[in-house]
file protein-v6.tsv (TSV, C-alpha atoms (C1' of nucleotides))
chain	number	residue	atom	x	y	z
M	16	MET	CA	0.00	0.00	0.00
M	17	ARG	CA	3.03	2.31	-0.29
M	18	HIS	CA	3.30	4.45	-3.39
M	19	ASN	CA	5.95	6.24	-5.39
M	20	ARG	CA	5.72	9.41	-7.46
M	21	GLY	CA	4.79	7.47	-10.59
M	22	ASP	CA	1.85	5.71	-8.96
M	23	VAL	CA	0.48	9.00	-7.68
M	24	LEU	CA	0.85	10.65	-11.09
M	25	VAL	CA	-0.91	7.80	-12.91
M	26	ARG	CA	-3.83	8.00	-10.47
M	27	ALA	CA	-4.01	11.78	-10.78
M	28	HIS	CA	-4.07	11.56	-14.57
M	29	GLN	CA	-6.72	8.85	-14.41
M	30	LEU	CA	-8.88	11.05	-12.18
M	31	VAL	CA	-8.67	14.00	-14.60
M	32	SER	CA	-9.14	11.81	-17.66
M	33	ARG	CA	-12.26	10.09	-16.27
M	34	TYR	CA	-13.97	12.77	-14.24
M	35	GLY	CA	-12.41	16.08	-15.27
M	36	LEU	CA	-10.17	18.66	-13.65
M	37	GLY	CA	-12.68	19.30	-10.87
M	38	ALA	CA	-12.19	15.74	-9.62
M	39	LEU	CA	-8.49	16.29	-9.07
M	40	THR	CA	-8.36	17.29	-5.41
M	41	MET	CA	-5.69	16.27	-2.97
M	42	ARG	CA	-8.35	14.72	-0.76
M	43	ARG	CA	-9.96	12.68	-3.50
M	44	LEU	CA	-6.61	11.59	-4.88
M	45	GLY	CA	-5.60	10.50	-1.40
M	46	ALA	CA	-8.81	8.51	-1.02
M	47	GLU	CA	-8.23	6.91	-4.44
M	48	LEU	CA	-4.77	5.80	-3.31
M	49	GLY	CA	-5.92	4.78	0.15
M	50	VAL	CA	-3.78	7.36	1.93
M	51	GLN	CA	-4.29	10.63	3.75
M	52	PRO	CA	-4.33	13.79	1.58
M	53	SER	CA	-1.18	14.94	3.31
M	54	ALA	CA	0.67	11.88	2.02
M	55	ILE	CA	0.59	13.34	-1.51
M	56	TYR	CA	2.91	16.10	-0.37
M	57	HIS	CA	5.63	13.55	0.03
M	58	HIS	CA	5.60	13.04	-3.76
M	59	PHE	CA	4.63	16.51	-5.08
M	60	ALA	CA	5.44	19.86	-3.48
M	61	ASN	CA	1.94	21.20	-4.13
M	62	LYS	CA	-1.07	20.87	-6.41
M	63	GLN	CA	0.47	23.16	-9.05
M	64	THR	CA	3.44	20.82	-9.45
M	65	LEU	CA	1.13	17.83	-9.62
M	66	LEU	CA	-0.93	19.52	-12.33
M	67	ALA	CA	2.18	20.26	-14.37
M	68	ALA	CA	3.13	16.59	-14.16
M	69	VAL	CA	-0.38	15.60	-15.28
M	70	ALA	CA	-0.02	17.92	-18.30
M	71	GLU	CA	3.27	16.27	-19.24
M	72	GLU	CA	1.62	12.86	-18.88
M	73	ILE	CA	-1.19	13.93	-21.22
M	74	LEU	CA	1.40	14.97	-23.81
M	75	ARG	CA	3.48	11.84	-23.26
M	76	GLN	CA	0.51	9.54	-23.80
M	77	GLY	CA	-0.40	11.37	-27.00
M	78	SER	CA	3.08	11.44	-28.49
M	79	ARG	CA	3.54	9.89	-31.94
M	80	ALA	CA	6.42	9.14	-34.26
M	81	ARG	CA	7.15	11.78	-36.91
M	82	THR	CA	6.55	10.80	-40.54
M	83	CYS	CA	7.14	14.00	-42.54
M	84	GLU	CA	10.25	14.67	-44.57
M	85	ARG	CA	12.60	17.25	-43.10
M	86	ASP	CA	12.03	19.73	-45.91
M	87	ASP	CA	8.22	19.45	-45.76
M	88	TRP	CA	7.93	22.18	-43.16
M	89	THR	CA	4.17	22.73	-43.50
M	90	GLY	CA	3.61	19.00	-43.08
M	91	ARG	CA	5.81	18.97	-40.02
M	92	LEU	CA	3.92	21.92	-38.49
M	93	ARG	CA	0.62	20.16	-39.11
M	94	GLU	CA	2.00	16.96	-37.59
M	95	VAL	CA	3.11	18.65	-34.37
M	96	CYS	CA	-0.08	20.71	-34.02
M	97	SER	CA	-2.27	17.71	-34.70
M	98	GLU	CA	-0.44	15.54	-32.19
M	99	LEU	CA	-0.77	18.25	-29.56
M	100	ARG	CA	-4.45	18.72	-30.29
M	101	ASP	CA	-5.26	14.99	-30.24
M	102	ALA	CA	-3.35	14.52	-27.00
M	103	MET	CA	-5.41	17.22	-25.31
M	104	LEU	CA	-8.73	16.05	-26.73
M	105	ALA	CA	-8.05	12.47	-25.56
M	106	CYS	CA	-8.26	13.57	-21.91
M	107	THR	CA	-11.22	15.20	-20.20
M	108	ASP	CA	-10.34	18.88	-19.67
M	109	GLY	CA	-7.01	18.12	-21.33
M	110	ALA	CA	-6.89	21.43	-23.23
M	111	ASP	CA	-7.61	23.35	-20.03
M	112	VAL	CA	-4.88	21.48	-18.15
M	113	VAL	CA	-2.17	21.78	-20.81
M	114	ALA	CA	-2.95	25.39	-21.79
M	115	THR	CA	-3.01	26.49	-18.15
M	116	VAL	CA	0.26	24.78	-17.34
M	117	TRP	CA	1.78	26.33	-20.46
M	118	ALA	CA	0.52	29.84	-19.68
M	119	PHE	CA	2.03	29.68	-16.22
M	120	GLY	CA	5.35	28.62	-17.70
M	121	MET	CA	5.29	25.32	-15.85
M	122	GLY	CA	5.58	22.96	-18.79
M	123	ALA	CA	4.44	21.88	-22.27
M	124	GLN	CA	7.63	23.44	-23.61
M	125	ALA	CA	8.35	20.55	-25.97
M	126	PRO	CA	5.73	21.32	-28.65
M	127	ALA	CA	6.69	25.01	-28.57
M	128	ALA	CA	10.35	24.18	-29.04
M	129	GLU	CA	9.62	21.74	-31.84
M	130	LEU	CA	7.48	24.26	-33.74
M	131	GLU	CA	10.24	26.82	-33.35
M	132	ASP	CA	12.79	24.36	-34.74
M	133	VAL	CA	10.65	23.55	-37.76
M	134	LEU	CA	10.19	27.25	-38.53
M	135	ARG	CA	13.92	27.91	-38.24
M	136	ASP	CA	14.58	24.93	-40.52
M	137	ALA	CA	12.14	26.45	-42.99
M	138	GLY	CA	14.28	29.58	-43.09
M	139	LEU	CA	12.64	32.04	-40.69
M	140	ASP	CA	14.90	34.09	-38.42
M	141	ASP	CA	14.84	33.52	-34.64
M	142	GLY	CA	12.36	36.32	-33.93
M	143	LEU	CA	9.84	35.14	-36.48
M	144	ALA	CA	10.30	31.50	-35.47
M	145	LEU	CA	9.40	32.51	-31.91
M	146	VAL	CA	6.39	34.56	-32.97
M	147	GLY	CA	5.26	31.84	-35.35
M	148	SER	CA	5.54	29.01	-32.86
M	149	ARG	CA	3.57	30.98	-30.27
M	150	THR	CA	0.91	31.96	-32.78
M	151	LEU	CA	0.45	28.32	-33.79
M	152	LEU	CA	0.41	27.23	-30.15
M	153	HIS	CA	-2.17	29.85	-29.14
M	154	TYR	CA	-4.30	28.80	-32.05
M	155	VAL	CA	-4.15	25.10	-31.16
M	156	PHE	CA	-4.80	25.73	-27.46
M	157	GLY	CA	-7.65	28.13	-28.12
M	158	HIS	CA	-9.33	25.94	-30.69
M	159	ALA	CA	-8.97	22.76	-28.65
M	160	PHE	CA	-10.16	24.46	-25.46
M	161	GLU	CA	-13.24	25.82	-27.17
M	162	GLU	CA	-13.99	22.56	-28.99
M	163	GLN	CA	-13.51	20.42	-25.89
M	164	THR	CA	-15.60	22.70	-23.69
M	165	ALA	CA	-18.43	22.66	-26.23
M	166	ILE	CA	-18.26	18.87	-26.63
M	167	GLN	CA	-18.20	18.28	-22.89
M	168	ALA	CA	-21.01	20.77	-22.26
M	169	VAL	CA	-23.21	19.06	-24.83
M	170	ALA	CA	-22.30	15.58	-23.50
M	171	ALA	CA	-23.25	16.72	-19.99
M	172	GLY	CA	-26.53	18.03	-21.37
M	173	ALA	CA	-25.63	21.40	-19.91
M	174	VAL	CA	-26.19	23.32	-23.11
M	175	GLU	CA	-27.88	23.02	-26.51
M	176	ARG	CA	-24.93	24.38	-28.54
M	177	ASP	CA	-24.61	23.16	-32.11
M	178	LEU	CA	-21.32	21.30	-32.45
M	179	ALA	CA	-21.39	21.49	-36.23
M	180	SER	CA	-21.03	25.27	-36.01
M	181	LEU	CA	-17.56	25.00	-34.47
M	182	PRO	CA	-14.86	26.43	-36.74
M	183	ASP	CA	-12.81	23.80	-38.57
M	184	PHE	CA	-9.41	23.11	-37.03
M	185	TRP	CA	-7.47	22.55	-40.24
M	186	THR	CA	-8.77	25.61	-42.07
M	187	GLY	CA	-7.67	27.95	-39.28
M	188	LEU	CA	-4.33	26.17	-39.01
M	189	ASP	CA	-3.73	26.68	-42.73
M	190	VAL	CA	-4.55	30.38	-42.39
M	191	VAL	CA	-1.73	30.76	-39.87
M	192	ILE	CA	0.64	28.61	-41.93
M	193	ASP	CA	-0.07	30.71	-45.03
M	194	GLY	CA	0.74	33.86	-43.06
M	195	LEU	CA	4.05	32.30	-42.06
M	196	ARG	CA	4.82	31.17	-45.62
M	197	ALA	CA	4.46	34.79	-46.74
M	198	ARG	CA	7.38	35.64	-44.43
M	199	LEU	CA	9.87	33.13	-45.80
M	200	PRO	CA	12.92	34.84	-47.28
N	277	MET	CA	-26.31	49.57	3.19
N	278	ARG	CA	-28.63	47.85	0.67
N	279	HIS	CA	-27.18	47.03	-2.73
N	280	ASN	CA	-28.37	46.37	-6.25
N	281	ARG	CA	-26.86	44.20	-8.95
N	282	GLY	CA	-24.76	47.06	-10.30
N	283	ASP	CA	-23.13	47.78	-6.92
N	284	VAL	CA	-22.23	44.14	-6.49
N	285	LEU	CA	-20.77	43.92	-10.00
N	286	VAL	CA	-18.63	47.04	-9.54
N	287	ARG	CA	-17.22	45.68	-6.29
N	288	ALA	CA	-16.56	42.27	-7.85
N	289	HIS	CA	-14.72	43.88	-10.76
N	290	GLN	CA	-12.74	46.06	-8.35
N	291	LEU	CA	-11.71	43.00	-6.38
N	292	VAL	CA	-10.46	41.19	-9.49
N	293	SER	CA	-8.79	44.30	-10.89
N	294	ARG	CA	-6.90	45.07	-7.66
N	295	TYR	CA	-6.12	41.68	-6.23
N	296	GLY	CA	-6.68	39.17	-9.00
N	297	LEU	CA	-9.14	36.39	-9.73
N	298	GLY	CA	-8.19	34.53	-6.56
N	299	ALA	CA	-9.57	37.40	-4.48
N	300	LEU	CA	-13.03	37.06	-6.00
N	301	THR	CA	-14.78	34.78	-3.53
N	302	MET	CA	-18.39	35.08	-2.48
N	303	ARG	CA	-17.28	35.43	1.12
N	304	ARG	CA	-14.76	38.18	0.48
N	305	LEU	CA	-17.12	40.03	-1.84
N	306	GLY	CA	-19.80	39.85	0.86
N	307	ALA	CA	-17.37	41.23	3.44
N	308	GLU	CA	-16.39	44.02	1.03
N	309	LEU	CA	-20.05	44.98	0.70
N	310	GLY	CA	-20.81	44.53	4.37
N	311	VAL	CA	-23.26	41.69	3.82
N	312	GLN	CA	-23.36	37.95	4.30
N	313	PRO	CA	-21.99	35.81	1.42
N	314	SER	CA	-25.46	34.42	0.87
N	315	ALA	CA	-26.76	37.91	0.08
N	316	ILE	CA	-24.85	37.86	-3.23
N	317	TYR	CA	-27.14	35.12	-4.45
N	318	HIS	CA	-29.97	37.61	-4.48
N	319	HIS	CA	-28.17	39.44	-7.30
N	320	PHE	CA	-26.37	36.66	-9.16
N	321	ALA	CA	-27.52	33.05	-9.52
N	322	ASN	CA	-24.00	31.70	-8.86
N	323	LYS	CA	-20.32	32.54	-9.14
N	324	GLN	CA	-20.18	31.57	-12.81
N	325	THR	CA	-22.81	34.16	-13.68
N	326	LEU	CA	-21.01	36.77	-11.60
N	327	LEU	CA	-17.76	36.00	-13.40
N	328	ALA	CA	-19.42	36.38	-16.80
N	329	ALA	CA	-20.70	39.80	-15.71
N	330	VAL	CA	-17.19	40.77	-14.57
N	331	ALA	CA	-15.86	39.79	-18.01
N	332	GLU	CA	-18.44	41.98	-19.72
N	333	GLU	CA	-17.51	44.83	-17.37
N	334	ILE	CA	-13.83	44.44	-18.31
N	335	LEU	CA	-14.74	44.69	-22.00
N	336	ARG	CA	-17.14	47.60	-21.39
N	337	GLN	CA	-14.51	49.62	-19.54
N	338	GLY	CA	-12.02	49.02	-22.33
N	339	SER	CA	-14.35	49.86	-25.21
N	340	ARG	CA	-13.27	52.60	-27.60
N	341	ALA	CA	-14.74	54.42	-30.56
N	342	ARG	CA	-13.85	53.03	-33.99
N	343	THR	CA	-11.71	55.22	-36.24
N	344	CYS	CA	-10.95	53.09	-39.31
N	345	GLU	CA	-12.67	53.52	-42.62
N	346	ARG	CA	-15.18	50.83	-43.53
N	347	ASP	CA	-13.09	49.51	-46.43
N	348	ASP	CA	-9.86	49.33	-44.39
N	349	TRP	CA	-10.57	45.82	-43.17
N	350	THR	CA	-7.07	45.09	-41.88
N	351	GLY	CA	-7.13	48.33	-39.88
N	352	ARG	CA	-10.52	47.41	-38.47
N	353	LEU	CA	-9.29	43.95	-37.46
N	354	ARG	CA	-6.29	45.48	-35.73
N	355	GLU	CA	-8.53	48.02	-33.99
N	356	VAL	CA	-10.88	45.37	-32.58
N	357	CYS	CA	-8.05	43.02	-31.54
N	358	SER	CA	-6.11	45.84	-29.94
N	359	GLU	CA	-9.12	47.09	-27.99
N	360	LEU	CA	-9.80	43.57	-26.74
N	361	ARG	CA	-6.19	43.06	-25.73
N	362	ASP	CA	-5.88	46.41	-23.95
N	363	ALA	CA	-9.15	45.84	-22.08
N	364	MET	CA	-7.88	42.50	-20.77
N	365	LEU	CA	-4.41	43.78	-19.88
N	366	ALA	CA	-5.92	46.71	-17.95
N	367	CYS	CA	-7.36	44.34	-15.35
N	368	THR	CA	-5.42	41.90	-13.17
N	369	ASP	CA	-6.09	38.40	-14.52
N	370	GLY	CA	-8.28	40.04	-17.17
N	371	ALA	CA	-7.16	37.71	-19.96
N	372	ASP	CA	-7.86	34.68	-17.77
N	373	VAL	CA	-11.34	35.97	-16.88
N	374	VAL	CA	-12.40	36.94	-20.40
N	375	ALA	CA	-10.89	33.90	-22.15
N	376	THR	CA	-12.47	31.52	-19.63
N	377	VAL	CA	-15.89	33.12	-19.90
N	378	TRP	CA	-15.57	33.00	-23.69
N	379	ALA	CA	-14.49	29.35	-23.75
N	380	PHE	CA	-17.49	28.37	-21.66
N	381	GLY	CA	-19.77	30.23	-24.03
N	382	MET	CA	-20.93	32.57	-21.29
N	383	GLY	CA	-20.00	35.88	-22.90
N	384	ALA	CA	-17.46	38.03	-24.75
N	385	GLN	CA	-19.46	37.39	-27.90
N	386	ALA	CA	-19.26	41.01	-29.06
N	387	PRO	CA	-15.62	41.04	-30.24
N	388	ALA	CA	-16.13	37.69	-32.00
N	389	ALA	CA	-19.20	38.99	-33.80
N	390	GLU	CA	-17.47	42.21	-34.80
N	391	LEU	CA	-14.45	40.38	-36.23
N	392	GLU	CA	-16.79	38.13	-38.17
N	393	ASP	CA	-18.61	41.17	-39.58
N	394	VAL	CA	-15.38	42.82	-40.67
N	395	LEU	CA	-14.25	39.65	-42.44
N	396	ARG	CA	-17.58	39.30	-44.24
N	397	ASP	CA	-17.36	42.96	-45.27
N	398	ALA	CA	-13.91	42.24	-46.62
N	399	GLY	CA	-15.43	39.58	-48.87
N	400	LEU	CA	-14.90	36.26	-47.10
N	401	ASP	CA	-17.73	33.76	-47.13
N	402	ASP	CA	-19.53	32.88	-43.86
N	403	GLY	CA	-17.44	29.79	-43.16
N	404	LEU	CA	-14.13	31.57	-43.57
N	405	ALA	CA	-15.38	34.60	-41.62
N	406	LEU	CA	-16.19	32.25	-38.73
N	407	VAL	CA	-12.85	30.46	-38.90
N	408	GLY	CA	-11.00	33.76	-39.26
N	409	SER	CA	-12.71	35.47	-36.34
N	410	ARG	CA	-12.02	32.49	-34.08
N	411	THR	CA	-8.40	32.26	-35.19
N	412	LEU	CA	-7.88	35.95	-34.42
N	413	LEU	CA	-9.68	35.61	-31.09
N	414	HIS	CA	-7.67	32.56	-30.02
N	415	TYR	CA	-4.51	34.41	-30.96
N	416	VAL	CA	-5.43	37.51	-28.95
N	417	PHE	CA	-6.56	35.49	-25.92
N	418	GLY	CA	-3.53	33.24	-25.99
N	419	HIS	CA	-1.03	36.05	-26.42
N	420	ALA	CA	-2.64	38.28	-23.78
N	421	PHE	CA	-2.95	35.41	-21.30
N	422	GLU	CA	0.70	34.49	-21.71
N	423	GLU	CA	1.89	38.10	-21.58
N	424	GLN	CA	-0.20	38.96	-18.53
N	425	THR	CA	0.78	35.84	-16.64
N	426	ALA	CA	4.46	36.54	-17.31
N	427	ILE	CA	4.14	40.21	-16.31
N	428	GLN	CA	2.27	39.37	-13.12
N	429	ALA	CA	4.65	36.56	-12.22
N	430	VAL	CA	7.64	38.88	-12.59
N	431	ALA	CA	5.86	41.68	-10.67
N	432	ALA	CA	5.13	39.24	-7.85
N	433	GLY	CA	8.78	38.21	-7.86
N	434	ALA	CA	7.65	34.66	-8.38
N	435	VAL	CA	9.85	34.00	-11.38
N	436	GLU	CA	12.90	35.36	-13.16
N	437	ARG	CA	11.44	35.15	-16.68
N	438	ASP	CA	12.74	37.64	-19.23
N	439	LEU	CA	9.81	39.79	-20.39
N	440	ALA	CA	11.72	41.02	-23.44
N	441	SER	CA	11.66	37.49	-24.83
N	442	LEU	CA	7.87	37.51	-25.16
N	443	PRO	CA	6.75	37.32	-28.79
N	444	ASP	CA	5.57	40.63	-30.25
N	445	PHE	CA	1.77	41.00	-30.40
N	446	TRP	CA	1.57	42.90	-33.67
N	447	THR	CA	3.85	40.61	-35.63
N	448	GLY	CA	1.80	37.54	-34.81
N	449	LEU	CA	-1.42	39.40	-35.52
N	450	ASP	CA	-0.13	40.36	-38.96
N	451	VAL	CA	0.79	36.74	-39.65
N	452	VAL	CA	-2.85	35.74	-39.15
N	453	ILE	CA	-4.15	38.71	-41.12
N	454	ASP	CA	-1.84	37.86	-44.03
N	455	GLY	CA	-3.17	34.31	-44.00
N	456	LEU	CA	-6.70	35.69	-44.22
N	457	ARG	CA	-5.80	38.13	-46.99
N	458	ALA	CA	-4.59	35.17	-49.07
N	459	ARG	CA	-8.15	33.80	-48.91
N	460	LEU	CA	-9.92	36.87	-50.28
N	461	PRO	CA	-11.70	36.13	-53.53
J	137	DA	C1'	11.09	6.86	2.55
J	138	DC	C1'	6.47	7.07	3.19
J	139	DC	C1'	2.57	7.83	5.89
J	140	DT	C1'	-1.00	9.25	9.88
J	141	DG	C1'	-4.01	12.40	12.35
J	142	DA	C1'	-5.22	16.55	13.53
J	143	DA	C1'	-5.47	21.13	12.77
J	144	DC	C1'	-5.75	25.82	10.26
J	145	DA	C1'	-7.78	28.78	7.30
J	146	DC	C1'	-10.49	28.76	3.91
J	147	DC	C1'	-14.32	27.62	-0.18
J	148	DG	C1'	-19.59	27.74	-2.93
J	149	DT	C1'	-24.25	27.06	-2.06
J	150	DT	C1'	-28.82	26.36	0.24
J	151	DC	C1'	-32.59	27.66	2.99
J	152	DA	C1'	-35.72	29.08	6.50
J	153	DA	C1'	-36.49	33.23	8.53
J	154	DG	C1'	-36.40	38.18	9.01
J	155	DT	C1'	-37.39	43.51	7.42
G	139	DA	C1'	-36.59	43.42	-2.63
G	140	DC	C1'	-32.82	42.50	0.01
G	141	DC	C1'	-30.64	40.40	3.74
G	142	DT	C1'	-29.29	37.27	8.12
G	143	DG	C1'	-27.56	33.17	10.36
G	144	DA	C1'	-26.67	28.76	10.36
G	145	DA	C1'	-25.61	24.79	8.18
G	146	DC	C1'	-23.69	21.36	4.56
G	147	DA	C1'	-20.21	19.51	2.06
G	148	DC	C1'	-16.23	20.53	0.67
G	149	DC	C1'	-11.05	22.73	-0.30
G	150	DG	C1'	-5.14	23.11	-0.04
G	151	DT	C1'	-1.55	22.96	3.12
G	152	DT	C1'	1.29	22.31	7.41
G	153	DC	C1'	3.38	19.70	10.90
G	154	DA	C1'	4.56	16.81	14.69
G	155	DA	C1'	4.68	12.13	15.15
G	156	DG	C1'	4.84	7.38	13.65
G	157	DT	C1'	7.04	2.92	10.91
call {"tool": "encode", "arguments": {"input": "protein-v6.tsv", "output": "structure tokens"}}
result
Amino acid sequence: MRHNRGDVLVRAHQLVSRYGLGALTMRRLGAELGVQPSAIYHHFANKQTLLAAVAEEILRQGSRARTCERDDWTGRLREVCSELRDAMLACTDGADVVATVWAFGMGAQAPAAELEDVLRDAGLDDGLALVGSRTLLHYVFGHAFEEQTAIQAVAAGAVERDLASLPDFWTGLDVVIDGLRARLP
Amino acid sequence: MRHNRGDVLVRAHQLVSRYGLGALTMRRLGAELGVQPSAIYHHFANKQTLLAAVAEEILRQGSRARTCERDDWTGRLREVCSELRDAMLACTDGADVVATVWAFGMGAQAPAAELEDVLRDAGLDDGLALVGSRTLLHYVFGHAFEEQTAIQAVAAGAVERDLASLPDFWTGLDVVIDGLRARLP
DNA sequence: ACCTGAACACCGTTCAAGT
DNA sequence: ACCTGAACACCGTTCAAGT
């Protein structure tokens, strides 16, 4: 009945994935593990740190092998953005978790760094690669957050919103990519 | 010592603006007004509704007159996005509040609708106007959220992050606008 | 190393009752 | 119309003490 950091993280991720971010409380997680809430603090300094680890776990579980050629920079951008999006959508409140952790500078740095690399490979200077990677990231986070919230609200019967009226992910992504293409030297 | 809905809203906004979203609790707001926490429920159905009203107040306080010509669609897009961004940045945790309320479909519809109108005026069809307005909105929310979080974290001495390394708002905005321009018929 | 048990200082919300 | 007072069912976090 003794746990290590990995056990606790898996349970925390499971709780978020099944029941949403609201279910991730130190008390409930403790109960799930059969320990006192205070026992969690032996593995994670605080809830913020735990949440950052959950975000990394969401990304880890959604990670895929790359298939695009090195010179196909638009394909590589789409591959990274799509992987990120799918990873978040695969977990209840996943977009909320990952975007929040990112905004507070606590994690999810890998996709940002990869997008930046692809844009530099494509020929953009450092400044534009930074701006471009952030613009893509904000787009993916915003779209996924909105889509996931709408889907979950409808599934919970909380709202009558029409899911078909959500803006298409790929069209918006291509808008941003086209704007970046126009800046290639 | 009796209050109406407007009084309560002004105090709630003040609390967020001065001390951040964490300071907006029903109990603290009640204390601020000199009433029991339960008294708030006579003016707002729940905290969610109150938060949506605070978001609208943030946007209302930041609203400005339009100056661009009707046919200068890129200028109009920049004007709307800039107003939205400035309104959010003017209030502690403003980006968090407005983006959250938006994502949950509880408000902040006005900027989205205005962006959509501008894009339709520019000649985009309804589908692209929807996609475009959302892409711009996600960009503005994401950028403002990240910028504000970084600024506040540095101001609070919580982190040593370099604010100069934040991506420039206008450059990213122009990337999206260029992508939209490429789709004009 | 990992956990208990108790405490501290909080939350949002409901509801009968008051003026 | 607006509010009180009390209650219910929760929170995150700390800390001395246990094995």
call {"tool": "closest_atom_pairs", "arguments": {"input": "protein-v6.tsv", "of": "chain J", "to": "chain M", "cutoff": "12 Å", "atoms": "all atoms listed in the file", "output": "CSV"}}
result
residue,atom,partner,partner_atom,distance
J:DA137,C1',M:His57,CA,9.0
J:DC138,C1',M:Arg17,CA,6.8
J:DC139,C1',M:Ala54,CA,5.9
J:DT140,C1',M:Gln51,CA,7.1
J:DG141,C1',M:Gln51,CA,8.8
J:DA142,C1',M:Ser53,CA,11.1
call {"tool": "interface_residues", "arguments": {"input": "protein-v6.tsv", "of": "chain M", "to": "chain N", "cutoff": "7 Å", "atoms": "all atoms listed in the file", "output": "PyMOL selection string"}}
result
chain M and resi 118-119+145-147+150+153-154+157-158+160-161+164+182-183+187+190-191+193-195
call {"tool": "residues_around", "arguments": {"input": "protein-v6.tsv", "residues": "range 285-302 of chain N", "least_positions_apart": "2", "cutoff": "7 Å", "atoms": "all atoms listed in the file", "output": "PyMOL selection string"}}
result
chain N and resi 281-283+304-306+313+330+367-369
call {"tool": "write_last_selection", "arguments": {"input": "protein-v6.tsv", "atoms": "C-alpha atoms", "output": "CSV table (one decimal), keeping the file's coordinate frame"}}
result
chain,number,residue,atom,x,y,z
N,281,ARG,CA,-26.9,44.2,-9.0
N,282,GLY,CA,-24.8,47.1,-10.3
N,283,ASP,CA,-23.1,47.8,-6.9
N,304,ARG,CA,-14.8,38.2,0.5
N,305,LEU,CA,-17.1,40.0,-1.8
N,306,GLY,CA,-19.8,39.8,0.9
N,313,PRO,CA,-22.0,35.8,1.4
N,330,VAL,CA,-17.2,40.8,-14.6
N,367,CYS,CA,-7.4,44.3,-15.4
N,368,THR,CA,-5.4,41.9,-13.2
N,369,ASP,CA,-6.1,38.4,-14.5
call {"tool": "atom_distance", "arguments": {"input": "protein-v6.tsv", "atom1": "CA of Thr64 in chain M", "atom2": "CA of Leu439 in chain N"}}
result
22.8 Å
call {"tool": "atom_distance", "arguments": {"input": "protein-v6.tsv", "atom1": "C1' of DC146 in chain J", "atom2": "CA of Lys323 in chain N"}}
result
16.8 Å
call {"tool": "residues_around", "arguments": {"input": "protein-v6.tsv", "residues": "Leu99 in chain M", "least_positions_apart": "4", "cutoff": "10 Å", "atoms": "only C-alpha atoms (C1' of nucleotides)", "output": "count of residues only"}}
result
19
